[in-house]
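Peer 1: Just dropping this structure here.
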Amino acid sequence: MCRIVLEHGAKPRDCEKEFIPDMAKQYGFQYELVQYKWPRWLHQQTEKQRIIWGYKILFLDVLFPLAVDKILFVDADQIVRTDLKELRDFDLEGAPYGYTPFCESRREMDGYRFWNALYVVDLKKFRKIAAGDRLRGQYQGLSQDPNSLSNLDQDLPNNMIHQVPIKSLPQEWLWCETWCDDSSKRSAKTIDLCNNPMTKEPKLQAAVRIVAEWTDYDQEIKRLQTRVQGKANDSTETPRGTDPHIEL
């Protein structure tokens, strides 16, 4: 059994949560929302981004039901161009998880690089080697120093790579214009709208420019939202010829 986590650890807003059932009906997928309370004994994070990073990496062994064998993390701003079953079935060669390494073909971005967030986790292997306990133990020690773990979800796995091995996924599983040259885009299986620290271009603006199919996707979802909202409005209208204030 496999789960695909799309929310990048963040809580969906109420309006988004209300729209999920309509999307599931339209596109024929199943979904579940999971939550887990940060344990009191583990050093707390206060910044929202760092809390999200912590949930992504520290609680994989306890966040999901035991029946779930693998999980795929996909950024909310990532466009998938292939069947994710291929990634689910990818041989991690005994490692508990696999990350896609950074492109190195856009040399002007050297110095900005860090791990990015498309990865697959073999939860059976992860639990078998007690990877969660190891990561939490290392985090507890390092997180006391405010100067450590600046990119928590990347620095911690890198720091623990000899205890919790990482399998490198093929480069085509993560293409981002910021780090990858234009020629490699043709073979990309996913396109990530990651931030460009040099231009700081808004992501929705970048999506229209970079991803040919983005506008069609965006318009399709907007049409679905309009239909759903229209039905909701119709169901709340008072039938003609009736007075809601008349008592029976």
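Quick note on naming: the chains in the structure tokens go A, B, ... in the order shown, residues restart at 1 in each chain, and ligands are numbered from 1 in order of appearance.
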Which residues of region 11-127 of chain A have any atom within 8 Å of an atom in region 184-192 of chain A when counting only C-alpha atoms, and what is the closest pair of atoms for each, with the distance in Å to one decimal? Order the rows by chain and rising number and write it as CSV.
Peer 2:
residue,atom,partner,partner_atom,distance
A:Asp75,CA,A:Asp192,CA,7.5
A:Asp77,CA,A:Asp192,CA,6.2
A:Gln78,CA,A:Asp192,CA,4.3
A:Ile79,CA,A:Ile191,CA,5.1
A:Val80,CA,A:Thr190,CA,4.4
A:Arg81,CA,A:Lys189,CA,5.0
A:Thr82,CA,A:Lys189,CA,5.6
Peer 1: For the atom pair CA of Pro96 (chain A) and CA of Ala130 (chain A), what is the interatomic distance in Å to one decimal place?
Peer 2: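 According to the coordinates, CA of Pro96 (chain A) and CA of Ala130 (chain A) are separated by 10.1 Å.
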Peer 1: Between A:Leu169, A:Ile57, A:Ala207, A:Leu84, which one has atoms that come closest to Asp155 (chain A), using only C-alpha atoms?
Peer 2: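 Looking at the shortest contact to Asp155 (chain A), the residue is A:Ile57.
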Peer 1: Counting only C-alpha atoms, which of A:Leu156, A:Leu66, A:Val34, A:Ile166 gets nearest to Gly98 (chain A)?
Peer 2: A:Ile166
Peer 1: What is the distance, in Å and to one decimal place, between CA of Gly137 (chain A) and CA of Phe59 (chain A)?
Peer 2: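 Interatomic distance, CA of Gly137 (chain A) to CA of Phe59 (chain A): 11.9 Å.
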Peer 1: May I have the residues within 12 Å of Asp22 (chain A) as a list of chain:residue names, using only C-alpha atoms and disregarding those fewer than 2 positions away in the same chain?
Peer 2: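 My list of contacting residues is A:Cys15, A:Glu16, A:Lys17, A:Glu18, A:Phe19, A:Ile20, A:Ala24, A:Lys25, A:Gln26, A:Tyr27, A:Gly28, A:Phe29, A:Gln30, A:Tyr31, A:Ile221, A:Leu224, A:Gln225, A:Thr226, A:Arg227, A:Val228, A:Gln229, A:Lys231, A:Ala232.
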Peer 1: Suppose you want the space between CA of Glu177 (chain A) and CA of Leu87 (chain A); what is it in Å?
Peer 2: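 Between CA of Glu177 (chain A) and CA of Leu87 (chain A) the gap works out to 21.5 Å.
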Peer 1: Nearest to Asp69 (chain A) among A:Tyr97, A:Tyr139, A:Phe102, A:Trp175, with distances taken over only C-alpha atoms: which residue is it?
Peer 2: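 Using only C-alpha atoms, the shortest distance to Asp69 (chain A) belongs to A:Tyr97.
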Peer 1: Hey, what's within 10 Å of Gln144 (chain A) if we count only C-alpha atoms and toss same-chain stuff fewer than 4 positions away? As a list in words, please?
Peer 2: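 Contacts, with the query itself left out: His43, Gln44, Tyr139, Gln140, Ser148 and Leu149 of chain A.
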Peer 1: Apply DSSP to the backbone of this structure and, from region 189-218 of chain A, keep only the residues in alpha helix (DSSP H); write these as a PyMOL selection string.
Peer 2: chain A and resi 203-210+214-218
Peer 1: Assign secondary structure with DSSP using the backbone only, and return the residues of chain A in strand (DSSP E) as number ranges by chain.
Peer 2: A: 2-5, 70-73, 78-80, 97-99, 119-122, 166-168, 190-192
Peer 1: Go through A:Arg134, A:Asn233, A:Leu193, A:Asn151 one by one, measure the shortest atom-to-atom distance of each to Trp214 (chain A) using only C-alpha atoms, and give the residue with the smallest value.
Peer 2: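 Counting only C-alpha atoms, the residue closest to Trp214 (chain A) is A:Leu193.
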